[in-house]
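Q: Dropping in coords_22.cif, which is mmCIF, N, CA and C atoms:
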```cif
data_protein
loop_
_atom_site.label_atom_id
_atom_site.label_comp_id
_atom_site.auth_asym_id
_atom_site.auth_seq_id
_atom_site.Cartn_x
_atom_site.Cartn_y
_atom_site.Cartn_z
N ARG A 1 -15.50 2.05 -12.58
CA ARG A 1 -14.53 1.08 -12.07
C ARG A 1 -14.34 1.38 -10.59
N GLY A 2 -14.39 0.36 -9.74
CA GLY A 2 -14.27 0.54 -8.30
C GLY A 2 -12.83 0.43 -7.83
N GLY A 3 -12.65 0.76 -6.58
CA GLY A 3 -11.33 0.68 -5.98
C GLY A 3 -11.26 1.52 -4.73
N PHE A 4 -10.07 1.77 -4.28
CA PHE A 4 -9.88 2.62 -3.11
C PHE A 4 -8.53 3.32 -3.19
N ARG A 5 -8.42 4.34 -2.38
CA ARG A 5 -7.22 5.19 -2.39
C ARG A 5 -6.70 5.34 -0.97
N LEU A 6 -5.42 5.13 -0.79
CA LEU A 6 -4.76 5.41 0.49
C LEU A 6 -4.06 6.75 0.34
N GLU A 7 -4.24 7.60 1.33
CA GLU A 7 -3.61 8.91 1.28
C GLU A 7 -2.94 9.18 2.62
N PHE A 8 -1.67 9.50 2.56
CA PHE A 8 -0.88 9.79 3.76
C PHE A 8 -0.45 11.25 3.70
N ASP A 9 -0.86 12.03 4.70
CA ASP A 9 -0.50 13.44 4.77
C ASP A 9 0.58 13.63 5.82
N PHE A 10 1.62 14.36 5.45
CA PHE A 10 2.73 14.66 6.34
C PHE A 10 2.84 16.17 6.51
N ALA A 11 3.21 16.58 7.69
CA ALA A 11 3.51 18.00 7.91
C ALA A 11 4.77 18.33 7.12
N PRO A 12 4.96 19.58 6.74
CA PRO A 12 6.22 19.95 6.07
C PRO A 12 7.39 19.48 6.94
N ASN A 13 8.38 18.89 6.27
CA ASN A 13 9.50 18.30 7.01
C ASN A 13 10.78 18.38 6.21
N ARG A 14 11.86 17.94 6.82
CA ARG A 14 13.18 18.05 6.17
C ARG A 14 13.49 16.86 5.26
N PHE A 15 12.54 15.91 5.11
CA PHE A 15 12.79 14.71 4.33
C PHE A 15 12.09 14.71 2.98
N LEU A 16 10.82 15.13 2.95
CA LEU A 16 9.99 15.02 1.76
C LEU A 16 9.73 16.39 1.13
N THR A 17 9.71 16.42 -0.21
CA THR A 17 9.32 17.65 -0.89
C THR A 17 7.80 17.71 -1.05
N ASN A 18 7.13 16.55 -1.10
CA ASN A 18 5.68 16.53 -1.17
C ASN A 18 5.13 16.08 0.19
N THR A 19 4.01 16.63 0.59
CA THR A 19 3.47 16.32 1.92
C THR A 19 2.30 15.34 1.86
N THR A 20 1.86 14.97 0.66
CA THR A 20 0.81 13.97 0.51
C THR A 20 1.31 12.87 -0.40
N LEU A 21 1.24 11.63 0.09
CA LEU A 21 1.61 10.46 -0.69
C LEU A 21 0.36 9.61 -0.87
N THR A 22 0.16 9.09 -2.09
CA THR A 22 -1.05 8.32 -2.37
C THR A 22 -0.73 7.01 -3.06
N LYS A 23 -1.66 6.08 -2.90
CA LYS A 23 -1.62 4.82 -3.65
C LYS A 23 -3.06 4.47 -3.94
N GLU A 24 -3.37 4.24 -5.21
CA GLU A 24 -4.72 3.87 -5.62
C GLU A 24 -4.73 2.42 -6.07
N TYR A 25 -5.80 1.74 -5.73
CA TYR A 25 -5.99 0.35 -6.11
C TYR A 25 -7.28 0.25 -6.91
N TRP A 26 -7.18 0.05 -8.21
CA TRP A 26 -8.35 -0.09 -9.07
C TRP A 26 -8.66 -1.57 -9.21
N LEU A 27 -9.93 -1.92 -9.01
CA LEU A 27 -10.34 -3.32 -9.00
C LEU A 27 -11.04 -3.69 -10.30
N ASN A 28 -11.01 -4.97 -10.61
CA ASN A 28 -11.66 -5.51 -11.80
C ASN A 28 -13.16 -5.29 -11.69
N GLU A 29 -13.79 -4.86 -12.79
CA GLU A 29 -15.22 -4.56 -12.77
C GLU A 29 -16.08 -5.78 -12.49
N GLU A 30 -15.69 -6.95 -13.01
CA GLU A 30 -16.49 -8.15 -12.81
C GLU A 30 -16.19 -8.85 -11.49
N ASP A 31 -14.97 -8.72 -10.99
CA ASP A 31 -14.56 -9.41 -9.76
C ASP A 31 -13.78 -8.44 -8.88
N SER A 32 -14.44 -7.90 -7.86
CA SER A 32 -13.81 -6.87 -7.03
C SER A 32 -12.71 -7.42 -6.12
N ASP A 33 -12.49 -8.74 -6.15
CA ASP A 33 -11.38 -9.32 -5.40
C ASP A 33 -10.10 -9.37 -6.23
N VAL A 34 -10.18 -8.89 -7.46
CA VAL A 34 -9.04 -8.94 -8.38
C VAL A 34 -8.53 -7.53 -8.62
N LEU A 35 -7.26 -7.33 -8.30
CA LEU A 35 -6.62 -6.04 -8.53
C LEU A 35 -6.34 -5.89 -10.02
N GLU A 36 -6.79 -4.79 -10.58
CA GLU A 36 -6.55 -4.54 -11.99
C GLU A 36 -5.38 -3.60 -12.21
N LEU A 37 -5.32 -2.55 -11.38
CA LEU A 37 -4.28 -1.56 -11.60
C LEU A 37 -3.93 -0.84 -10.30
N PRO A 38 -2.72 -1.01 -9.79
CA PRO A 38 -2.28 -0.21 -8.66
C PRO A 38 -1.55 1.03 -9.21
N VAL A 39 -1.88 2.20 -8.69
CA VAL A 39 -1.27 3.44 -9.17
C VAL A 39 -0.60 4.13 -7.99
N GLY A 40 0.71 4.22 -8.05
CA GLY A 40 1.46 4.86 -6.99
C GLY A 40 1.71 6.32 -7.29
N CYS A 41 2.51 6.94 -6.46
CA CYS A 41 2.86 8.34 -6.65
C CYS A 41 4.38 8.47 -6.61
N ASN A 42 4.83 9.63 -6.95
CA ASN A 42 6.25 9.93 -6.88
C ASN A 42 6.57 10.46 -5.49
N VAL A 43 7.46 9.80 -4.77
CA VAL A 43 7.88 10.29 -3.47
C VAL A 43 9.06 11.22 -3.70
N GLY A 44 8.87 12.47 -3.34
CA GLY A 44 9.92 13.46 -3.55
C GLY A 44 10.83 13.54 -2.33
N TRP A 45 12.02 12.98 -2.47
CA TRP A 45 12.97 13.01 -1.36
C TRP A 45 13.90 14.20 -1.48
N LYS A 46 14.14 14.83 -0.39
CA LYS A 46 15.16 15.89 -0.37
C LYS A 46 16.52 15.20 -0.41
N PRO A 47 17.55 15.86 -0.91
CA PRO A 47 18.87 15.23 -1.07
C PRO A 47 19.36 14.55 0.21
N GLY A 48 19.76 13.27 0.05
CA GLY A 48 20.32 12.50 1.15
C GLY A 48 19.31 11.99 2.17
N CYS A 49 18.02 12.10 1.89
CA CYS A 49 16.99 11.74 2.88
C CYS A 49 16.19 10.49 2.53
N ASN A 50 16.49 9.83 1.44
CA ASN A 50 15.73 8.64 1.04
C ASN A 50 16.16 7.44 1.89
N PRO A 51 15.26 6.91 2.75
CA PRO A 51 15.63 5.78 3.60
C PRO A 51 15.81 4.48 2.81
N GLY A 52 15.38 4.47 1.56
CA GLY A 52 15.55 3.29 0.71
C GLY A 52 16.87 3.29 -0.04
N GLN A 53 17.70 4.25 0.24
CA GLN A 53 19.00 4.35 -0.43
C GLN A 53 20.08 4.57 0.61
N ILE A 54 20.91 3.56 0.81
CA ILE A 54 22.04 3.69 1.73
C ILE A 54 23.31 3.60 0.90
N GLY A 55 23.96 4.72 0.76
CA GLY A 55 25.12 4.78 -0.13
C GLY A 55 24.66 4.49 -1.55
N SER A 56 25.27 3.51 -2.19
CA SER A 56 24.86 3.14 -3.54
C SER A 56 23.94 1.92 -3.55
N HIS A 57 23.49 1.50 -2.35
CA HIS A 57 22.66 0.31 -2.23
C HIS A 57 21.20 0.67 -1.97
N ALA A 58 20.30 0.01 -2.70
CA ALA A 58 18.87 0.17 -2.45
C ALA A 58 18.45 -0.83 -1.38
N VAL A 59 17.67 -0.38 -0.41
CA VAL A 59 17.16 -1.25 0.65
C VAL A 59 15.65 -1.06 0.75
N ALA A 60 14.97 -2.04 1.33
CA ALA A 60 13.52 -1.96 1.49
C ALA A 60 13.15 -0.84 2.46
N SER A 61 12.04 -0.19 2.17
CA SER A 61 11.57 0.92 2.98
C SER A 61 10.04 0.90 2.99
N PHE A 62 9.45 1.41 4.05
CA PHE A 62 8.00 1.57 4.11
C PHE A 62 7.49 2.32 2.89
N PHE A 63 8.24 3.27 2.41
CA PHE A 63 7.82 4.13 1.32
C PHE A 63 7.77 3.41 -0.02
N ASP A 64 8.27 2.18 -0.09
CA ASP A 64 8.19 1.39 -1.31
C ASP A 64 6.75 1.14 -1.73
N ILE A 65 5.81 1.14 -0.78
CA ILE A 65 4.41 0.86 -1.13
C ILE A 65 3.83 1.93 -2.05
N PHE A 66 4.43 3.10 -2.10
CA PHE A 66 3.90 4.16 -2.94
C PHE A 66 4.36 4.06 -4.38
N GLN A 67 5.29 3.17 -4.66
CA GLN A 67 5.78 3.01 -6.02
C GLN A 67 4.67 2.45 -6.90
N HIS A 68 4.72 2.82 -8.15
CA HIS A 68 3.77 2.29 -9.13
C HIS A 68 4.18 0.87 -9.46
N THR A 69 3.23 -0.05 -9.39
CA THR A 69 3.49 -1.45 -9.73
C THR A 69 2.77 -1.74 -11.04
N SER A 70 3.50 -1.91 -12.10
CA SER A 70 2.88 -2.13 -13.40
C SER A 70 2.27 -3.52 -13.48
N PRO A 71 1.00 -3.61 -13.90
CA PRO A 71 0.38 -4.92 -14.04
C PRO A 71 0.81 -5.66 -15.29
N THR A 72 1.50 -4.99 -16.19
CA THR A 72 1.89 -5.63 -17.43
C THR A 72 3.38 -5.98 -17.40
N SER A 73 3.73 -6.94 -18.19
CA SER A 73 5.12 -7.37 -18.31
C SER A 73 5.55 -7.17 -19.76
N ALA A 74 6.84 -7.23 -19.95
CA ALA A 74 7.38 -7.13 -21.30
C ALA A 74 6.90 -8.32 -22.12
N PRO A 75 6.69 -8.12 -23.42
CA PRO A 75 6.19 -9.21 -24.27
C PRO A 75 7.08 -10.45 -24.25
N ASP A 76 8.37 -10.28 -24.02
CA ASP A 76 9.28 -11.42 -24.03
C ASP A 76 9.59 -11.94 -22.62
N SER A 77 8.72 -11.67 -21.66
CA SER A 77 8.92 -12.12 -20.28
C SER A 77 8.86 -13.64 -20.18
N THR A 78 9.71 -14.19 -19.34
CA THR A 78 9.69 -15.63 -19.11
C THR A 78 8.57 -15.98 -18.13
N ASP A 79 8.25 -17.26 -18.03
CA ASP A 79 7.22 -17.70 -17.08
C ASP A 79 7.60 -17.30 -15.66
N LYS A 80 8.88 -17.42 -15.34
CA LYS A 80 9.33 -17.05 -14.00
C LYS A 80 9.11 -15.56 -13.75
N GLU A 81 9.43 -14.73 -14.73
CA GLU A 81 9.22 -13.28 -14.59
C GLU A 81 7.74 -12.95 -14.46
N LEU A 82 6.89 -13.65 -15.21
CA LEU A 82 5.44 -13.43 -15.11
C LEU A 82 4.92 -13.82 -13.73
N ARG A 83 5.40 -14.93 -13.18
CA ARG A 83 5.00 -15.35 -11.82
C ARG A 83 5.48 -14.34 -10.78
N GLN A 84 6.70 -13.84 -10.94
CA GLN A 84 7.21 -12.83 -10.01
C GLN A 84 6.37 -11.55 -10.07
N ARG A 85 5.98 -11.12 -11.26
CA ARG A 85 5.15 -9.93 -11.43
C ARG A 85 3.78 -10.17 -10.76
N GLU A 86 3.21 -11.34 -10.96
CA GLU A 86 1.92 -11.66 -10.35
C GLU A 86 2.02 -11.67 -8.82
N MET A 87 3.10 -12.24 -8.29
CA MET A 87 3.30 -12.26 -6.84
C MET A 87 3.49 -10.84 -6.30
N GLN A 88 4.20 -10.00 -7.03
CA GLN A 88 4.42 -8.62 -6.62
C GLN A 88 3.09 -7.87 -6.57
N LEU A 89 2.24 -8.09 -7.57
CA LEU A 89 0.92 -7.44 -7.58
C LEU A 89 0.06 -7.93 -6.42
N GLU A 90 0.10 -9.23 -6.15
CA GLU A 90 -0.68 -9.77 -5.02
C GLU A 90 -0.19 -9.20 -3.70
N ASP A 91 1.12 -9.12 -3.52
CA ASP A 91 1.68 -8.54 -2.30
C ASP A 91 1.27 -7.07 -2.15
N ASP A 92 1.34 -6.34 -3.26
CA ASP A 92 0.95 -4.93 -3.26
C ASP A 92 -0.50 -4.79 -2.81
N PHE A 93 -1.38 -5.60 -3.38
CA PHE A 93 -2.81 -5.56 -3.05
C PHE A 93 -3.04 -5.95 -1.60
N ASP A 94 -2.34 -6.98 -1.12
CA ASP A 94 -2.48 -7.40 0.28
C ASP A 94 -2.10 -6.27 1.25
N ILE A 95 -1.05 -5.53 0.92
CA ILE A 95 -0.64 -4.41 1.76
C ILE A 95 -1.72 -3.34 1.77
N GLY A 96 -2.25 -3.02 0.59
CA GLY A 96 -3.32 -2.04 0.50
C GLY A 96 -4.55 -2.46 1.29
N LEU A 97 -4.93 -3.73 1.18
CA LEU A 97 -6.10 -4.23 1.93
C LEU A 97 -5.85 -4.19 3.43
N ALA A 98 -4.63 -4.51 3.85
CA ALA A 98 -4.31 -4.46 5.28
C ALA A 98 -4.45 -3.04 5.82
N PHE A 99 -3.97 -2.06 5.06
CA PHE A 99 -4.15 -0.67 5.49
C PHE A 99 -5.63 -0.31 5.55
N ARG A 100 -6.36 -0.66 4.49
CA ARG A 100 -7.76 -0.25 4.38
C ARG A 100 -8.64 -0.89 5.45
N PHE A 101 -8.48 -2.18 5.68
CA PHE A 101 -9.41 -2.89 6.55
C PHE A 101 -8.89 -3.17 7.96
N ASP A 102 -7.58 -3.20 8.15
CA ASP A 102 -7.04 -3.56 9.45
C ASP A 102 -6.43 -2.38 10.21
N LEU A 103 -5.57 -1.65 9.55
CA LEU A 103 -4.84 -0.59 10.24
C LEU A 103 -5.63 0.71 10.39
N VAL A 104 -6.18 1.20 9.30
CA VAL A 104 -6.87 2.49 9.36
C VAL A 104 -8.09 2.47 10.28
N PRO A 105 -8.99 1.49 10.16
CA PRO A 105 -10.16 1.50 11.05
C PRO A 105 -9.81 1.39 12.53
N ALA A 106 -8.69 0.78 12.85
CA ALA A 106 -8.31 0.57 14.25
C ALA A 106 -7.15 1.46 14.68
N ALA A 107 -6.85 2.49 13.90
CA ALA A 107 -5.67 3.32 14.17
C ALA A 107 -5.65 3.90 15.57
N LEU A 108 -6.77 4.41 16.02
CA LEU A 108 -6.81 5.01 17.35
C LEU A 108 -6.56 3.95 18.42
N ARG A 109 -7.11 2.76 18.23
CA ARG A 109 -6.88 1.68 19.20
C ARG A 109 -5.42 1.26 19.22
N TRP A 110 -4.78 1.21 18.06
CA TRP A 110 -3.36 0.87 18.01
C TRP A 110 -2.56 1.97 18.71
N TYR A 111 -2.87 3.23 18.42
CA TYR A 111 -2.14 4.36 18.97
C TYR A 111 -2.26 4.42 20.49
N THR A 112 -3.44 4.15 21.03
CA THR A 112 -3.66 4.22 22.48
C THR A 112 -3.36 2.91 23.18
N ALA A 113 -2.82 1.94 22.45
CA ALA A 113 -2.43 0.62 22.99
C ALA A 113 -3.64 -0.15 23.52
N GLU A 114 -4.83 0.14 23.02
CA GLU A 114 -6.01 -0.64 23.39
C GLU A 114 -6.09 -1.94 22.59
N MET A 115 -5.34 -2.02 21.50
CA MET A 115 -5.36 -3.20 20.65
C MET A 115 -4.28 -4.15 21.13
N PRO A 116 -4.66 -5.37 21.57
CA PRO A 116 -3.64 -6.32 22.02
C PRO A 116 -2.70 -6.70 20.88
N ALA A 117 -1.42 -6.62 21.11
CA ALA A 117 -0.42 -6.87 20.07
C ALA A 117 -0.42 -8.32 19.60
N ASP A 118 -0.76 -9.26 20.48
CA ASP A 118 -0.67 -10.67 20.12
C ASP A 118 -2.04 -11.31 19.95
N SER A 119 -3.06 -10.52 19.72
CA SER A 119 -4.41 -11.03 19.59
C SER A 119 -4.61 -11.73 18.26
N ASP A 120 -5.20 -12.93 18.30
CA ASP A 120 -5.51 -13.65 17.07
C ASP A 120 -6.89 -13.27 16.54
N ASP A 121 -7.76 -12.80 17.43
CA ASP A 121 -9.07 -12.37 16.96
C ASP A 121 -8.96 -10.97 16.37
N GLU A 122 -10.01 -10.53 15.72
CA GLU A 122 -9.97 -9.25 15.05
C GLU A 122 -10.99 -8.31 15.69
N PRO A 123 -10.62 -7.65 16.80
CA PRO A 123 -11.56 -6.80 17.51
C PRO A 123 -11.96 -5.55 16.74
N TRP A 124 -11.31 -5.29 15.61
CA TRP A 124 -11.64 -4.11 14.84
C TRP A 124 -12.74 -4.38 13.82
N ASP A 125 -13.22 -5.65 13.74
CA ASP A 125 -14.25 -5.96 12.76
C ASP A 125 -15.47 -5.06 12.89
N ASP A 126 -15.81 -4.69 14.13
CA ASP A 126 -16.98 -3.83 14.34
C ASP A 126 -16.74 -2.41 13.81
N LEU A 127 -15.50 -2.04 13.56
CA LEU A 127 -15.19 -0.71 13.06
C LEU A 127 -15.21 -0.63 11.54
N VAL A 128 -15.13 -1.78 10.88
CA VAL A 128 -15.03 -1.80 9.43
C VAL A 128 -16.43 -1.74 8.83
N SER A 129 -16.62 -0.80 7.95
CA SER A 129 -17.90 -0.64 7.28
C SER A 129 -17.75 -1.08 5.84
N SER A 130 -18.75 -1.75 5.33
CA SER A 130 -18.71 -2.14 3.92
C SER A 130 -18.80 -0.93 3.01
N GLU A 131 -19.12 0.22 3.58
CA GLU A 131 -19.25 1.45 2.81
C GLU A 131 -17.92 2.21 2.73
N MET A 132 -16.87 1.71 3.39
CA MET A 132 -15.59 2.44 3.36
C MET A 132 -15.00 2.41 1.96
N VAL A 133 -14.53 3.52 1.53
CA VAL A 133 -13.83 3.58 0.24
C VAL A 133 -12.69 4.54 0.36
#
```
Take the structure from the file and write it as structure tokens.
A:
Amino acid sequence: RGGFRLEFDFAPNRFLTNTTLTKEYWLNEEDSDVLELPVGCNVGWKPGCNPGQIGSHAVASFFDIFQHTSPTSAPDSTDKELRQREMQLEDDFDIGLAFRFDLVPAALRWYTAEMPADSDDEPWDDLVSSEMV
């Protein structure tokens, strides 16, 4: 079964108990454009350091991408719930693809400000290899 893995390594810090965060995207064997199973990891937050938790309220955070997104729904799910689950999986996959094909291959260009912020063309295409996994 094909797919790819995103791995983020952090230096020891005062926020996370784990220094490596991963997200795996397993693709359908017959159609590699179809996400079959996204597998996240547990983000270990030190007390009071979770940016997705402000007081008793949950808020969106970059670290949400590491959460496991279940491809299955409860047997009694409504059509609306099934559509929401499908949209969530598509969004999850789109984020993974953006990291794999857009951000990671051009990271140095983004960091050194060589990548135009408002460019409509994709100057990083020459950096993307079909062999990347």
Q: List the spatial neighbours of Asn18 of chain A as a list in words - criterion: any atom at most 8 Å away, only N, CA and C atoms, same-chain residues fewer than 2 positions off excluded.
A: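 The filter keeps Asp9, Phe10, Ala11, Pro12, Asn13, Phe15, Leu16, Thr20, Leu21, Asn42, Val43, Gly44, Trp45 and Lys46 of chain A.
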Q: What is the atom C of Leu103 of chain A-atom CA of Phe4 of chain A distance in Å, reported with one decimal?
A: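 That distance, rounded to one decimal, is 14.3 Å.
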Q: Go through A:Leu35, A:Ser56, A:Thr19, A:Glu114 one by one, measure the shortest atom-to-atom distance of each to Met87 of chain A using only C-alpha atoms, and give the residue with the smallest value.
A: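 The closest residue to Met87 of chain A is A:Leu35.
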Q: Do you have the atom N of Glu86 of chain A-atom CA of Val34 of chain A distance handy?
A: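 Separating atom N of Glu86 of chain A from atom CA of Val34 of chain A is a distance of 12.7 Å.
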Q: Which of these, A:Thr22, A:Phe66, A:Ala58, A:Leu6, has the shortest distance to Phe101 of chain A once you count only C-alpha atoms?
A: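 Nearest to Phe101 of chain A: A:Leu6.
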Q: List every residue of segment 35-117 of chain A that DSSP, applied to the backbone of this structure, assigns to strand (DSSP E or B), and report them as a list of chain:residue names.
A: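 Everything in segment 35-117 of chain A that counts as strand (DSSP E or B) is A:Leu35, A:Glu36, A:Leu37, A:Pro38, A:Val39, A:Trp45, A:Gln53, A:Ile54, A:His57, A:Ala58.
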Q: Measure the distance from atom N of Thr112 of chain A to atom N of Cys41 of chain A in Å and round it to one decimal.
A: 28.3 Å
Q: Applied to this file, what does the PyMOL selection byres ((chain A and resi 68) around 8) return in terms of residues, put as a PyMOL selection string?
A: chain A and resi 38-42+64-67+69-71
Q: Give the alpha helix (DSSP H) residues of segment 12-132 of chain A, as assigned by DSSP on the backbone, as a PyMOL selection string.
A: chain A and resi 79-97+107-111
Q: Generate the missing atoms of segment 98-113 of chain A up to N, CA, C and O atoms and report them as a PDB file, in the coordinates of the input.
A:
```pdb
ATOM      1  N   ALA A  98      -4.630  -4.510   3.850  1.00  0.00           N
ATOM      2  CA  ALA A  98      -4.310  -4.460   5.280  1.00  0.00           C
ATOM      3  C   ALA A  98      -4.450  -3.040   5.820  1.00  0.00           C
ATOM      4  O   ALA A  98      -5.014  -2.837   6.895  1.00  0.00           O
ATOM      5  N   PHE A  99      -3.970  -2.060   5.060  1.00  0.00           N
ATOM      6  CA  PHE A  99      -4.150  -0.670   5.490  1.00  0.00           C
ATOM      7  C   PHE A  99      -5.630  -0.310   5.550  1.00  0.00           C
ATOM      8  O   PHE A  99      -6.103   0.270   6.524  1.00  0.00           O
ATOM      9  N   ARG A 100      -6.360  -0.660   4.490  1.00  0.00           N
ATOM     10  CA  ARG A 100      -7.760  -0.250   4.380  1.00  0.00           C
ATOM     11  C   ARG A 100      -8.640  -0.890   5.450  1.00  0.00           C
ATOM     12  O   ARG A 100      -9.478  -0.220   6.059  1.00  0.00           O
ATOM     13  N   PHE A 101      -8.480  -2.180   5.680  1.00  0.00           N
ATOM     14  CA  PHE A 101      -9.410  -2.890   6.550  1.00  0.00           C
ATOM     15  C   PHE A 101      -8.890  -3.170   7.960  1.00  0.00           C
ATOM     16  O   PHE A 101      -9.686  -3.367   8.870  1.00  0.00           O
ATOM     17  N   ASP A 102      -7.580  -3.200   8.150  1.00  0.00           N
ATOM     18  CA  ASP A 102      -7.040  -3.560   9.450  1.00  0.00           C
ATOM     19  C   ASP A 102      -6.430  -2.380  10.210  1.00  0.00           C
ATOM     20  O   ASP A 102      -6.756  -2.149  11.357  1.00  0.00           O
ATOM     21  N   LEU A 103      -5.570  -1.650   9.550  1.00  0.00           N
ATOM     22  CA  LEU A 103      -4.840  -0.590  10.240  1.00  0.00           C
ATOM     23  C   LEU A 103      -5.630   0.710  10.390  1.00  0.00           C
ATOM     24  O   LEU A 103      -5.738   1.254  11.487  1.00  0.00           O
ATOM     25  N   VAL A 104      -6.180   1.200   9.300  1.00  0.00           N
ATOM     26  CA  VAL A 104      -6.870   2.490   9.360  1.00  0.00           C
ATOM     27  C   VAL A 104      -8.090   2.470  10.280  1.00  0.00           C
ATOM     28  O   VAL A 104      -8.221   3.333  11.140  1.00  0.00           O
ATOM     29  N   PRO A 105      -8.990   1.490  10.160  1.00  0.00           N
ATOM     30  CA  PRO A 105     -10.160   1.500  11.050  1.00  0.00           C
ATOM     31  C   PRO A 105      -9.810   1.390  12.530  1.00  0.00           C
ATOM     32  O   PRO A 105     -10.556   1.850  13.380  1.00  0.00           O
ATOM     33  N   ALA A 106      -8.690   0.780  12.850  1.00  0.00           N
ATOM     34  CA  ALA A 106      -8.310   0.570  14.250  1.00  0.00           C
ATOM     35  C   ALA A 106      -7.150   1.460  14.680  1.00  0.00           C
ATOM     36  O   ALA A 106      -6.545   1.231  15.717  1.00  0.00           O
ATOM     37  N   ALA A 107      -6.850   2.490  13.900  1.00  0.00           N
ATOM     38  CA  ALA A 107      -5.670   3.320  14.170  1.00  0.00           C
ATOM     39  C   ALA A 107      -5.650   3.900  15.570  1.00  0.00           C
ATOM     40  O   ALA A 107      -4.623   3.874  16.254  1.00  0.00           O
ATOM     41  N   LEU A 108      -6.770   4.410  16.020  1.00  0.00           N
ATOM     42  CA  LEU A 108      -6.810   5.010  17.350  1.00  0.00           C
ATOM     43  C   LEU A 108      -6.560   3.950  18.420  1.00  0.00           C
ATOM     44  O   LEU A 108      -5.839   4.196  19.390  1.00  0.00           O
ATOM     45  N   ARG A 109      -7.110   2.760  18.230  1.00  0.00           N
ATOM     46  CA  ARG A 109      -6.880   1.680  19.200  1.00  0.00           C
ATOM     47  C   ARG A 109      -5.420   1.260  19.220  1.00  0.00           C
ATOM     48  O   ARG A 109      -4.874   0.949  20.268  1.00  0.00           O
ATOM     49  N   TRP A 110      -4.780   1.210  18.060  1.00  0.00           N
ATOM     50  CA  TRP A 110      -3.360   0.870  18.010  1.00  0.00           C
ATOM     51  C   TRP A 110      -2.560   1.970  18.710  1.00  0.00           C
ATOM     52  O   TRP A 110      -1.659   1.694  19.500  1.00  0.00           O
ATOM     53  N   TYR A 111      -2.870   3.230  18.420  1.00  0.00           N
ATOM     54  CA  TYR A 111      -2.140   4.360  18.970  1.00  0.00           C
ATOM     55  C   TYR A 111      -2.260   4.420  20.490  1.00  0.00           C
ATOM     56  O   TYR A 111      -1.296   4.734  21.190  1.00  0.00           O
ATOM     57  N   THR A 112      -3.440   4.150  21.030  1.00  0.00           N
ATOM     58  CA  THR A 112      -3.660   4.220  22.480  1.00  0.00           C
ATOM     59  C   THR A 112      -3.360   2.910  23.180  1.00  0.00           C
ATOM     60  O   THR A 112      -3.617   2.772  24.369  1.00  0.00           O
ATOM     61  N   ALA A 113      -2.820   1.940  22.450  1.00  0.00           N
ATOM     62  CA  ALA A 113      -2.430   0.620  22.990  1.00  0.00           C
ATOM     63  C   ALA A 113      -3.640  -0.150  23.520  1.00  0.00           C
ATOM     64  O   ALA A 113      -3.496  -1.020  24.365  1.00  0.00           O
TER      65      ALA A 113
END
```
